[in-house]
$ cat start.pdb   # PDB, C-alpha atoms and all ligand atoms
ATOM      1  CA  GLN L   1      -4.976  67.564 -74.284  1.00  0.00           C
ATOM      2  CA  ARG L   2      -1.229  67.699 -74.724  1.00  0.00           C
ATOM      3  CA  LEU L   3       0.799  64.772 -73.420  1.00  0.00           C
ATOM      4  CA  GLN L   4       2.594  65.981 -70.301  1.00  0.00           C
ATOM      5  CA  TYR L   5       5.691  64.279 -68.967  1.00  0.00           C
ATOM      6  CA  LYS L   6       6.479  64.419 -65.289  1.00  0.00           C
ATOM      7  CA  PRO L   7       9.776  66.131 -64.441  1.00  0.00           C
ATOM      8  CA  GLY L   8      12.320  63.610 -65.640  1.00  0.00           C
ATOM      9  CA  PRO L   9      16.005  63.260 -66.353  1.00  0.00           C
ATOM     10  CA  LEU L  10      15.920  65.636 -69.330  1.00  0.00           C
ATOM     11  CA  GLN L  11      14.464  68.509 -67.275  1.00  0.00           C
ATOM     12  CA  GLY L  12      16.722  71.551 -67.811  1.00  0.00           C
ATOM     13  CA  LYS L  13      19.164  69.712 -70.069  1.00  0.00           C
ATOM     14  CA  LYS L  14      20.504  71.790 -72.954  1.00  0.00           C
ATOM     15  CA  VAL L  15      19.843  70.008 -76.218  1.00  0.00           C
ATOM     16  CA  LEU L  16      20.956  70.925 -79.724  1.00  0.00           C
ATOM     17  CA  VAL L  17      19.038  69.395 -82.638  1.00  0.00           C
ATOM     18  CA  THR L  18      19.692  69.826 -86.358  1.00  0.00           C
ATOM     19  CA  ALA L  19      16.925  69.165 -88.874  1.00  0.00           C
ATOM     20  CA  GLY L  20      16.005  69.619 -92.509  1.00  0.00           C
ATOM     21  CA  PRO L  21      18.062  69.838 -95.664  1.00  0.00           C
ATOM     22  CA  THR L  22      20.643  72.448 -96.525  1.00  0.00           C
ATOM     23  CA  TYR L  23      20.553  74.434 -99.756  1.00  0.00           C
ATOM     24  CA  GLU L  24      23.854  75.155-101.479  1.00  0.00           C
ATOM     25  CA  PRO L  25      23.544  78.105-103.856  1.00  0.00           C
ATOM     26  CA  ILE L  26      24.637  77.818-107.494  1.00  0.00           C
ATOM     27  CA  ASP L  27      23.504  81.317-108.458  1.00  0.00           C
ATOM     28  CA  PRO L  28      20.912  83.795-107.091  1.00  0.00           C
ATOM     29  CA  VAL L  29      17.995  81.594-108.160  1.00  0.00           C
ATOM     30  CA  ARG L  30      19.279  78.005-108.011  1.00  0.00           C
ATOM     31  CA  PHE L  31      20.607  75.628-105.413  1.00  0.00           C
ATOM     32  CA  ILE L  32      21.605  72.029-104.723  1.00  0.00           C
ATOM     33  CA  GLY L  33      19.305  70.539-102.106  1.00  0.00           C
ATOM     34  CA  ASN L  34      17.689  67.292-101.028  1.00  0.00           C
ATOM     35  CA  HIS L  35      14.260  65.885-100.169  1.00  0.00           C
ATOM     36  CA  SER L  36      14.528  66.117 -96.363  1.00  0.00           C
ATOM     37  CA  SER L  37      11.319  67.469 -94.812  1.00  0.00           C
ATOM     38  CA  GLY L  38      12.923  68.028 -91.406  1.00  0.00           C
ATOM     39  CA  LYS L  39      10.041  66.144 -89.778  1.00  0.00           C
ATOM     40  CA  MET L  40      12.147  63.640 -87.829  1.00  0.00           C
ATOM     41  CA  GLY L  41      14.366  66.320 -86.277  1.00  0.00           C
ATOM     42  CA  ILE L  42      11.414  68.602 -85.550  1.00  0.00           C
ATOM     43  CA  ALA L  43       9.552  65.703 -83.870  1.00  0.00           C
ATOM     44  CA  LEU L  44      12.651  65.074 -81.732  1.00  0.00           C
ATOM     45  CA  ALA L  45      12.970  68.751 -80.788  1.00  0.00           C
ATOM     46  CA  GLU L  46       9.285  68.943 -79.801  1.00  0.00           C
ATOM     47  CA  ALA L  47       9.354  65.700 -77.784  1.00  0.00           C
ATOM     48  CA  LEU L  48      12.509  66.833 -75.973  1.00  0.00           C
ATOM     49  CA  GLN L  49      10.967  70.204 -75.132  1.00  0.00           C
ATOM     50  CA  GLU L  50       7.832  68.475 -73.839  1.00  0.00           C
ATOM     51  CA  ARG L  51      10.091  66.526 -71.477  1.00  0.00           C
ATOM     52  CA  GLY L  52      11.490  69.753 -70.063  1.00  0.00           C
ATOM     53  CA  ALA L  53      14.719  70.054 -72.058  1.00  0.00           C
ATOM     54  CA  LEU L  54      15.965  73.484 -73.222  1.00  0.00           C
ATOM     55  CA  VAL L  55      15.988  72.916 -76.945  1.00  0.00           C
ATOM     56  CA  THR L  56      17.812  74.780 -79.699  1.00  0.00           C
ATOM     57  CA  LEU L  57      16.748  73.650 -83.159  1.00  0.00           C
ATOM     58  CA  VAL L  58      19.121  74.494 -86.001  1.00  0.00           C
ATOM     59  CA  LEU L  59      16.761  74.216 -88.920  1.00  0.00           C
ATOM     60  CA  GLY L  60      17.476  74.159 -92.622  1.00  0.00           C
ATOM     61  CA  PRO L  61      14.958  75.417 -95.206  1.00  0.00           C
ATOM     62  CA  VAL L  62      11.740  73.416 -94.706  1.00  0.00           C
ATOM     63  CA  ALA L  63       8.116  73.963 -95.702  1.00  0.00           C
ATOM     64  CA  SER L  64       6.763  73.733 -92.154  1.00  0.00           C
ATOM     65  CA  GLY L  65       8.731  74.245 -88.968  1.00  0.00           C
ATOM     66  CA  THR L  66       7.544  73.909 -85.389  1.00  0.00           C
ATOM     67  CA  GLY L  67       4.635  75.578 -83.639  1.00  0.00           C
ATOM     68  CA  ASN L  68       6.324  75.055 -80.275  1.00  0.00           C
ATOM     69  CA  LYS L  69       7.246  78.542 -79.074  1.00  0.00           C
ATOM     70  CA  GLN L  70       9.405  77.164 -76.259  1.00  0.00           C
ATOM     71  CA  ILE L  71      11.935  75.885 -78.790  1.00  0.00           C
ATOM     72  CA  GLU L  72      14.689  78.281 -79.820  1.00  0.00           C
ATOM     73  CA  VAL L  73      14.892  78.015 -83.595  1.00  0.00           C
ATOM     74  CA  ILE L  74      17.976  79.088 -85.545  1.00  0.00           C
ATOM     75  CA  ASN L  75      17.097  79.152 -89.220  1.00  0.00           C
ATOM     76  CA  VAL L  76      19.958  78.412 -91.585  1.00  0.00           C
ATOM     77  CA  VAL L  77      20.254  77.746 -95.293  1.00  0.00           C
ATOM     78  CA  THR L  78      23.696  76.355 -96.105  1.00  0.00           C
ATOM     79  CA  ALA L  79      25.832  73.576 -94.579  1.00  0.00           C
ATOM     80  CA  GLN L  80      28.412  76.203 -93.603  1.00  0.00           C
ATOM     81  CA  GLN L  81      25.767  78.225 -91.715  1.00  0.00           C
ATOM     82  CA  MET L  82      24.527  75.073 -89.975  1.00  0.00           C
ATOM     83  CA  TYR L  83      28.118  74.214 -89.017  1.00  0.00           C
ATOM     84  CA  GLU L  84      28.725  77.672 -87.547  1.00  0.00           C
ATOM     85  CA  ALA L  85      25.431  77.677 -85.599  1.00  0.00           C
ATOM     86  CA  CYS L  86      26.223  74.246 -84.123  1.00  0.00           C
ATOM     87  CA  MET L  87      29.858  74.945 -83.289  1.00  0.00           C
ATOM     88  CA  SER L  88      28.979  78.172 -81.502  1.00  0.00           C
ATOM     89  CA  ARG L  89      26.450  76.315 -79.307  1.00  0.00           C
ATOM     90  CA  PHE L  90      28.030  72.929 -78.722  1.00  0.00           C
ATOM     91  CA  ALA L  91      30.263  73.788 -75.745  1.00  0.00           C
ATOM     92  CA  GLU L  92      27.204  74.559 -73.607  1.00  0.00           C
ATOM     93  CA  THR L  93      25.203  71.573 -74.904  1.00  0.00           C
ATOM     94  CA  ASP L  94      24.480  68.429 -72.873  1.00  0.00           C
ATOM     95  CA  LEU L  95      22.985  66.423 -75.726  1.00  0.00           C
ATOM     96  CA  ALA L  96      23.334  66.940 -79.494  1.00  0.00           C
ATOM     97  CA  ILE L  97      21.165  65.129 -82.033  1.00  0.00           C
ATOM     98  CA  MET L  98      22.183  65.626 -85.648  1.00  0.00           C
ATOM     99  CA  ALA L  99      19.121  64.752 -87.706  1.00  0.00           C
ATOM    100  CA  ALA L 100      19.742  67.147 -90.606  1.00  0.00           C
ATOM    101  CA  ALA L 101      20.385  65.931 -94.136  1.00  0.00           C
ATOM    102  CA  VAL L 102      23.428  68.149 -94.632  1.00  0.00           C
ATOM    103  CA  ALA L 103      24.701  68.568 -98.183  1.00  0.00           C
ATOM    104  CA  ASP L 104      28.028  66.787 -98.586  1.00  0.00           C
ATOM    105  CA  PHE L 105      29.085  69.033-101.469  1.00  0.00           C
ATOM    106  CA  SER L 106      28.598  72.686-102.247  1.00  0.00           C
ATOM    107  CA  PRO L 107      29.400  74.713-105.393  1.00  0.00           C
ATOM    108  CA  GLU L 108      32.947  76.031-105.067  1.00  0.00           C
ATOM    109  CA  THR L 109      31.748  79.416-106.251  1.00  0.00           C
ATOM    110  CA  THR L 110      28.301  80.995-106.354  1.00  0.00           C
ATOM    111  CA  ALA L 111      27.614  83.041-109.479  1.00  0.00           C
ATOM    112  CA  THR L 112      26.519  86.582-108.619  1.00  0.00           C
ATOM    113  CA  GLU L 113      24.211  86.738-111.643  1.00  0.00           C
ATOM    114  CA  LYS L 114      21.819  84.104-112.937  1.00  0.00           C
ATOM    115  CA  ILE L 115      23.740  81.626-115.101  1.00  0.00           C
ATOM    116  CA  LYS L 116      22.504  81.778-118.703  1.00  0.00           C
ATOM    117  CA  LYS L 117      21.884  78.607-120.651  1.00  0.00           C
ATOM    118  CA  LYS L 118      24.496  77.640-123.189  1.00  0.00           C
ATOM    119  CA  ASP L 119      24.589  75.050-125.958  1.00  0.00           C
ATOM    120  CA  GLU L 120      27.509  73.106-124.485  1.00  0.00           C
ATOM    121  CA  GLY L 121      25.912  72.364-121.095  1.00  0.00           C
ATOM    122  CA  LEU L 122      27.264  73.380-117.719  1.00  0.00           C
ATOM    123  CA  GLN L 123      29.947  71.965-115.433  1.00  0.00           C
ATOM    124  CA  LEU L 124      29.904  72.781-111.744  1.00  0.00           C
ATOM    125  CA  THR L 125      32.837  72.258-109.406  1.00  0.00           C
ATOM    126  CA  LEU L 126      31.716  71.103-105.982  1.00  0.00           C
ATOM    127  CA  ALA L 127      33.728  71.268-102.768  1.00  0.00           C
ATOM    128  CA  LYS L 128      33.202  69.115 -99.686  1.00  0.00           C
ATOM    129  CA  THR L 129      31.241  70.726 -96.864  1.00  0.00           C
ATOM    130  CA  LYS L 130      32.303  70.466 -93.233  1.00  0.00           C
ATOM    131  CA  ASP L 131      31.029  67.384 -91.414  1.00  0.00           C
ATOM    132  CA  ILE L 132      29.166  68.870 -88.441  1.00  0.00           C
ATOM    133  CA  LEU L 133      28.662  65.601 -86.576  1.00  0.00           C
ATOM    134  CA  LYS L 134      32.305  64.629 -86.986  1.00  0.00           C
ATOM    135  CA  SER L 135      33.454  68.076 -85.873  1.00  0.00           C
ATOM    136  CA  ILE L 136      31.436  67.985 -82.663  1.00  0.00           C
ATOM    137  CA  GLY L 137      32.545  64.376 -82.096  1.00  0.00           C
ATOM    138  CA  GLN L 138      36.130  65.624 -82.136  1.00  0.00           C
ATOM    139  CA  VAL L 139      35.567  68.213 -79.402  1.00  0.00           C
ATOM    140  CA  LYS L 140      33.027  66.227 -77.362  1.00  0.00           C
ATOM    141  CA  ARG L 141      33.628  66.019 -73.604  1.00  0.00           C
ATOM    142  CA  ASN L 142      32.875  62.879 -71.582  1.00  0.00           C
ATOM    143  CA  ASN L 143      29.699  64.375 -70.140  1.00  0.00           C
ATOM    144  CA  GLN L 144      28.267  65.310 -73.543  1.00  0.00           C
ATOM    145  CA  VAL L 145      26.098  62.893 -75.511  1.00  0.00           C
ATOM    146  CA  VAL L 146      26.162  62.982 -79.316  1.00  0.00           C
ATOM    147  CA  VAL L 147      23.657  61.194 -81.525  1.00  0.00           C
ATOM    148  CA  GLY L 148      23.887  60.960 -85.308  1.00  0.00           C
ATOM    149  CA  PHE L 149      21.699  59.553 -88.047  1.00  0.00           C
ATOM    150  CA  ALA L 150      22.610  57.432 -91.036  1.00  0.00           C
ATOM    151  CA  LEU L 151      20.808  56.972 -94.286  1.00  0.00           C
ATOM    152  CA  GLU L 152      22.083  54.133 -96.434  1.00  0.00           C
ATOM    153  CA  THR L 153      20.934  52.349 -99.555  1.00  0.00           C
ATOM    154  CA  ASN L 154      23.302  49.370 -99.242  1.00  0.00           C
ATOM    155  CA  ASN L 155      25.280  47.527 -96.517  1.00  0.00           C
ATOM    156  CA  GLU L 156      23.345  49.654 -94.062  1.00  0.00           C
ATOM    157  CA  GLN L 157      24.473  48.054 -90.790  1.00  0.00           C
ATOM    158  CA  GLU L 158      28.153  48.044 -91.730  1.00  0.00           C
ATOM    159  CA  HIS L 159      27.972  51.686 -92.826  1.00  0.00           C
ATOM    160  CA  ALA L 160      26.067  52.717 -89.680  1.00  0.00           C
ATOM    161  CA  LEU L 161      28.722  51.082 -87.485  1.00  0.00           C
ATOM    162  CA  GLN L 162      31.469  52.832 -89.464  1.00  0.00           C
ATOM    163  CA  LYS L 163      29.741  56.173 -88.856  1.00  0.00           C
ATOM    164  CA  LEU L 164      29.452  55.449 -85.125  1.00  0.00           C
ATOM    165  CA  GLN L 165      33.247  55.028 -85.046  1.00  0.00           C
ATOM    166  CA  SER L 166      34.438  57.669 -87.469  1.00  0.00           C
ATOM    167  CA  LYS L 167      32.237  60.414 -86.009  1.00  0.00           C
ATOM    168  CA  ASN L 168      32.896  59.477 -82.357  1.00  0.00           C
ATOM    169  CA  ALA L 169      29.139  59.397 -81.721  1.00  0.00           C
ATOM    170  CA  ASP L 170      27.467  57.743 -78.748  1.00  0.00           C
ATOM    171  CA  MET L 171      24.634  56.504 -80.915  1.00  0.00           C
ATOM    172  CA  ILE L 172      23.701  56.242 -84.582  1.00  0.00           C
ATOM    173  CA  VAL L 173      20.083  56.040 -85.661  1.00  0.00           C
ATOM    174  CA  LEU L 174      19.875  54.130 -88.933  1.00  0.00           C
ATOM    175  CA  ASN L 175      16.965  55.114 -91.163  1.00  0.00           C
ATOM    176  CA  SER L 176      15.804  52.257 -93.321  1.00  0.00           C
ATOM    177  CA  LEU L 177      15.029  53.629 -96.755  1.00  0.00           C
ATOM    178  CA  ALA L 178      14.547  50.090 -98.030  1.00  0.00           C
ATOM    179  CA  ASP L 179      11.210  50.009 -96.238  1.00  0.00           C
ATOM    180  CA  LYS L 180       8.391  51.755 -98.063  1.00  0.00           C
ATOM    181  CA  ASP L 181       7.131  53.153 -94.753  1.00  0.00           C
ATOM    182  CA  ALA L 182      10.368  54.985 -94.009  1.00  0.00           C
ATOM    183  CA  GLY L 183      12.458  57.935 -95.020  1.00  0.00           C
ATOM    184  CA  PHE L 184      11.906  61.209 -96.781  1.00  0.00           C
ATOM    185  CA  LYS L 185       8.553  62.934 -97.220  1.00  0.00           C
ATOM    186  CA  VAL L 186       6.535  60.433 -95.205  1.00  0.00           C
ATOM    187  CA  ASP L 187       5.262  60.681 -91.662  1.00  0.00           C
ATOM    188  CA  THR L 188       6.483  57.265 -90.573  1.00  0.00           C
ATOM    189  CA  ASN L 189       9.986  55.975 -90.082  1.00  0.00           C
ATOM    190  CA  LYS L 190      11.679  52.654 -89.338  1.00  0.00           C
ATOM    191  CA  VAL L 191      14.895  52.890 -87.396  1.00  0.00           C
ATOM    192  CA  THR L 192      17.587  50.745 -85.830  1.00  0.00           C
ATOM    193  CA  ILE L 193      19.768  52.269 -83.117  1.00  0.00           C
ATOM    194  CA  PHE L 194      23.449  51.320 -82.805  1.00  0.00           C
ATOM    195  CA  THR L 195      25.196  52.335 -79.604  1.00  0.00           C
ATOM    196  CA  LYS L 196      28.826  52.864 -78.709  1.00  0.00           C
ATOM    197  CA  GLY L 197      28.372  50.093 -76.144  1.00  0.00           C
ATOM    198  CA  GLY L 198      27.640  47.626 -78.942  1.00  0.00           C
ATOM    199  CA  GLN L 199      23.861  47.399 -78.637  1.00  0.00           C
ATOM    200  CA  ARG L 200      21.641  47.106 -81.687  1.00  0.00           C
ATOM    201  CA  ILE L 201      18.007  48.007 -81.068  1.00  0.00           C
ATOM    202  CA  ALA L 202      15.527  47.572 -83.942  1.00  0.00           C
ATOM    203  CA  PHE L 203      12.120  49.257 -83.956  1.00  0.00           C
ATOM    204  CA  ASP L 204       9.030  48.733 -86.106  1.00  0.00           C
ATOM    205  CA  ALA L 205       7.848  51.313 -88.635  1.00  0.00           C
ATOM    206  CA  LYS L 206       5.771  53.944 -86.837  1.00  0.00           C
ATOM    207  CA  PRO L 207       4.854  57.636 -86.922  1.00  0.00           C
ATOM    208  CA  LYS L 208       7.849  59.976 -86.590  1.00  0.00           C
ATOM    209  CA  LYS L 209       6.473  61.362 -83.306  1.00  0.00           C
ATOM    210  CA  GLU L 210       6.601  57.834 -81.831  1.00  0.00           C
ATOM    211  CA  VAL L 211      10.026  57.184 -83.347  1.00  0.00           C
ATOM    212  CA  ALA L 212      11.181  60.367 -81.608  1.00  0.00           C
ATOM    213  CA  ASN L 213       9.969  59.016 -78.279  1.00  0.00           C
ATOM    214  CA  ASP L 214      11.722  55.659 -78.883  1.00  0.00           C
ATOM    215  CA  ILE L 215      14.989  57.478 -79.635  1.00  0.00           C
ATOM    216  CA  ILE L 216      14.655  59.724 -76.573  1.00  0.00           C
ATOM    217  CA  ASP L 217      13.745  56.773 -74.317  1.00  0.00           C
ATOM    218  CA  THR L 218      16.851  54.938 -75.540  1.00  0.00           C
ATOM    219  CA  ILE L 219      19.093  57.976 -74.943  1.00  0.00           C
ATOM    220  CA  THR L 220      17.568  58.502 -71.494  1.00  0.00           C
ATOM    221  CA  SER L 221      17.933  54.900 -70.363  1.00  0.00           C
ATOM    222  CA  LEU L 222      21.566  54.726 -71.503  1.00  0.00           C
ATOM    223  CA  HIS L 223      22.818  58.178 -70.472  1.00  0.00           C
ATOM    224  CA  TYR L 224      20.438  59.851 -68.027  1.00  0.00           C
ATOM    225  CA  ALA L 225      19.115  56.954 -65.937  1.00  0.00           C
TER
HETATM  226  N1  LIG R   1      26.307  65.092 -91.106  1.00  0.00           N
HETATM  227  C1  LIG R   1      26.763  66.313 -90.647  1.00  0.00           C
HETATM  228  N2  LIG R   1      27.447  67.150 -91.487  1.00  0.00           N
HETATM  229  C2  LIG R   1      27.666  66.798 -92.769  1.00  0.00           C
HETATM  230  C3  LIG R   1      27.201  65.555 -93.250  1.00  0.00           C
HETATM  231  C4  LIG R   1      26.512  64.716 -92.388  1.00  0.00           C
HETATM  232  O1  LIG R   1      26.562  66.639 -89.463  1.00  0.00           O
HETATM  233  N3  LIG R   1      28.326  67.644 -93.568  1.00  0.00           N
HETATM  234  C5  LIG R   1      25.623  64.205 -90.149  1.00  0.00           C
HETATM  235  C6  LIG R   1      24.169  63.963 -90.448  1.00  0.00           C
HETATM  236  O2  LIG R   1      23.345  64.929 -89.834  1.00  0.00           O
HETATM  237  C7  LIG R   1      23.963  62.578 -89.843  1.00  0.00           C
HETATM  238  C8  LIG R   1      25.316  61.905 -90.016  1.00  0.00           C
HETATM  239  O3  LIG R   1      26.256  62.967 -90.204  1.00  0.00           O
HETATM  240  O4  LIG R   1      23.699  62.661 -88.454  1.00  0.00           O
HETATM  241  C9  LIG R   1      25.424  60.939 -91.147  1.00  0.00           C
HETATM  242  O5  LIG R   1      25.008  61.544 -92.352  1.00  0.00           O
HETATM  243  P1  LIG R   1      25.088  60.710 -93.690  1.00  0.00           P
HETATM  244  O6  LIG R   1      24.753  61.589 -94.832  1.00  0.00           O
HETATM  245  O7  LIG R   1      24.327  59.427 -93.517  1.00  0.00           O
HETATM  246  O8  LIG R   1      26.632  60.296 -93.725  1.00  0.00           O
HETATM  247  P2  LIG R   1      27.918  61.007 -94.281  1.00  0.00           P
HETATM  248  O9  LIG R   1      28.935  61.006 -93.193  1.00  0.00           O
HETATM  249  O10 LIG R   1      27.607  62.338 -94.884  1.00  0.00           O
HETATM  250  O11 LIG R   1      28.448  60.000 -95.373  1.00  0.00           O
HETATM  251  P3  LIG R   1      27.725  59.526 -96.771  1.00  0.00           P
HETATM  252  O12 LIG R   1      26.672  60.547 -97.112  1.00  0.00           O
HETATM  253  O13 LIG R   1      28.821  59.460 -97.732  1.00  0.00           O
HETATM  254  O14 LIG R   1      27.126  58.176 -96.453  1.00  0.00           O
HETATM  255 CA    CA R   2      25.945  62.606 -96.431  1.00  0.00          CA
END
$ encode --input "start.pdb" --output "structure tokens" --more "lines below"
Ligand code: CTP
Ligand code: CA
Amino acid sequence: QRLQYKPGPLQGKKVLVTAGPTYEPIDPVRFIGNHSSGKMGIALAEALQERGALVTLVLGPVASGTGNKQIEVINVVTAQQMYEACMSRFAETDLAIMAAAVADFSPETTATEKIKKKDEGLQLTLAKTKDILKSIGQVKRNNQVVVGFALETNNEQEHALQKLQSKNADMIVLNSLADKDAGFKVDTNKVTIFTKGGQRIAFDAKPKKEVANDIIDTITSLHYA
């Protein structure tokens, strides 16, 4: 039987979640992407819906999405499409959780025909994509809660705290890639949450579904208690 939450503080709240990678096209058959499975963001979207929130999931290209029909899914491919989907929804959002692994760079131009191989190799010019989390942080109202993620390979705490500041987020969830039970392509994750109020809350490695509940419990206790 499905776990049922009693009507709680997230009942009827409008929540926007991003998940998955983005694919940035090089030509009609090739792209720049990353290893994100989207599982953490999808687990968050499902757990939020099960608590009665009205969830919109902006989902990049992933192998398996959600079976939860109550979740509104907006499928996108590129960082620009994800940006536009989020910006058009954010004004009416109570809580935004940006769990997507958005490409930071995208080919400046997309070839209309398949690029042929040449002897001298190939140089691509990449342009910076829009930072979705930062953009919503800039227009965030006082009654809106914004949560970001951070993935670091070095100086992780310092970088997570910098992201909390620079993106004007209420909370940053740091993914520890250093741990073998965390990160891409696995079903477990180990996170530490940094809050605007200066708290640092470390969790053990656990299944992504349970990590989702830890994150939601933390958001609820700080913002919807
Ligand atoms: N993010 C975003 N839009 C982007 C890039 C990142 O919304 N174009 C969000 C991610 O969804 C995540 C947070 O910003 O919630 C941090 O992403 P991360 O890749 O760790 O940080 P960046 O700011 O992109 O910096 P860098 O990759 O250089 O560490
Ligand atoms: Ca990045």
$ resolve_selection --input "start.pdb" --expression "the PyMOL selection byres (((chain L and resi 67-71) around 10) and not hetatm)" --output "list in words"
Ile42, Ala45, Glu46, Leu48, Gln49, Glu50, Gly52, Ala53, Leu54, Val55, Thr56, Leu57, Ser64, Gly65, Thr66, Glu72, Val73 and Ile74 of chain L
$ write_last_selection --input "start.pdb" --atoms "C-alpha atoms" --output "mmCIF file, keeping the file's coordinate frame"
data_model
loop_
_atom_site.group_PDB
_atom_site.id
_atom_site.type_symbol
_atom_site.label_atom_id
_atom_site.label_comp_id
_atom_site.auth_asym_id
_atom_site.auth_seq_id
_atom_site.Cartn_x
_atom_site.Cartn_y
_atom_site.Cartn_z
ATOM 1 C CA ILE L 42 11.414 68.602 -85.550
ATOM 2 C CA ALA L 45 12.970 68.751 -80.788
ATOM 3 C CA GLU L 46 9.285 68.943 -79.801
ATOM 4 C CA LEU L 48 12.509 66.833 -75.973
ATOM 5 C CA GLN L 49 10.967 70.204 -75.132
ATOM 6 C CA GLU L 50 7.832 68.475 -73.839
ATOM 7 C CA GLY L 52 11.490 69.753 -70.063
ATOM 8 C CA ALA L 53 14.719 70.054 -72.058
ATOM 9 C CA LEU L 54 15.965 73.484 -73.222
ATOM 10 C CA VAL L 55 15.988 72.916 -76.945
ATOM 11 C CA THR L 56 17.812 74.780 -79.699
ATOM 12 C CA LEU L 57 16.748 73.650 -83.159
ATOM 13 C CA SER L 64 6.763 73.733 -92.154
ATOM 14 C CA GLY L 65 8.731 74.245 -88.968
ATOM 15 C CA THR L 66 7.544 73.909 -85.389
ATOM 16 C CA GLU L 72 14.689 78.281 -79.820
ATOM 17 C CA VAL L 73 14.892 78.015 -83.595
ATOM 18 C CA ILE L 74 17.976 79.088 -85.545
#
$ closest_atom_pairs --input "start.pdb" --of "region 140-171 of chain L" --to "region 94-117 of chain L" --cutoff "8 Å" --atoms "all atoms listed in the file" --output "CSV"
residue,atom,partner,partner_atom,distance
L:Asn143,CA,L:Asp94,CA,7.2
L:Gln144,CA,L:Asp94,CA,5.0
L:Val145,CA,L:Leu95,CA,4.7
L:Val146,CA,L:Ala96,CA,4.9
L:Val147,CA,L:Ile97,CA,4.7
L:Gly148,CA,L:Met98,CA,5.0
L:Phe149,CA,L:Ala99,CA,5.8
$ resolve_selection --input "start.pdb" --expression "the PyMOL selection byres (((chain L and resi 34) around 12) and not hetatm)" --output "ChimeraX atom specification"
/L:20-24,31-33,35-38,60-62,78,100-105,184-185
$ write_last_selection --input "start.pdb" --atoms "C-alpha atoms" --output "JSON list (two decimals), keeping the file's coordinate frame"
[["chain", "number", "residue", "atom", "x", "y", "z"],
["L", 20, "GLY", "CA", 16.00, 69.62, -92.51],
["L", 21, "PRO", "CA", 18.06, 69.84, -95.66],
["L", 22, "THR", "CA", 20.64, 72.45, -96.52],
["L", 23, "TYR", "CA", 20.55, 74.43, -99.76],
["L", 24, "GLU", "CA", 23.85, 75.16, -101.48],
["L", 31, "PHE", "CA", 20.61, 75.63, -105.41],
["L", 32, "ILE", "CA", 21.60, 72.03, -104.72],
["L", 33, "GLY", "CA", 19.30, 70.54, -102.11],
["L", 35, "HIS", "CA", 14.26, 65.89, -100.17],
["L", 36, "SER", "CA", 14.53, 66.12, -96.36],
["L", 37, "SER", "CA", 11.32, 67.47, -94.81],
["L", 38, "GLY", "CA", 12.92, 68.03, -91.41],
["L", 60, "GLY", "CA", 17.48, 74.16, -92.62],
["L", 61, "PRO", "CA", 14.96, 75.42, -95.21],
["L", 62, "VAL", "CA", 11.74, 73.42, -94.71],
["L", 78, "THR", "CA", 23.70, 76.36, -96.10],
["L", 100, "ALA", "CA", 19.74, 67.15, -90.61],
["L", 101, "ALA", "CA", 20.39, 65.93, -94.14],
["L", 102, "VAL", "CA", 23.43, 68.15, -94.63],
["L", 103, "ALA", "CA", 24.70, 68.57, -98.18],
["L", 104, "ASP", "CA", 28.03, 66.79, -98.59],
["L", 105, "PHE", "CA", 29.08, 69.03, -101.47],
["L", 184, "PHE", "CA", 11.91, 61.21, -96.78],
["L", 185, "LYS", "CA", 8.55, 62.93, -97.22]]
$ atom_distance --input "start.pdb" --atom1 "CA of Cys86 (chain L)" --atom2 "atom C7 of ligand LIG 1 (chain R)"
13.2 Å
$ resolve_selection --input "start.pdb" --expression "the PyMOL selection byres (((chain L and resi 191) around 8) and not hetatm)" --output "MDAnalysis selection string"
chainID L and resid 173:176 189:190 192:193 202:205 211
$ residues_around --input "start.pdb" --residues "Met87 (chain L)" --least-positions-apart "6" --cutoff "10 Å" --atoms "only C-alpha atoms" --output "list in words"
Gln81, Ile132, Leu133, Ser135, Ile136 and Val139 of chain L
$ closest_residue --input "start.pdb" --among "L:Leu126, L:Ala150, L:Leu59, L:Met82" --to "ligand CA 2 (chain R)" --atoms "all atoms listed in the file"
L:Ala150
$ atom_distance --input "start.pdb" --atom1 "atom C4 of ligand LIG 1 (chain R)" --atom2 "CA of Met40 (chain L)"
15.1 Å
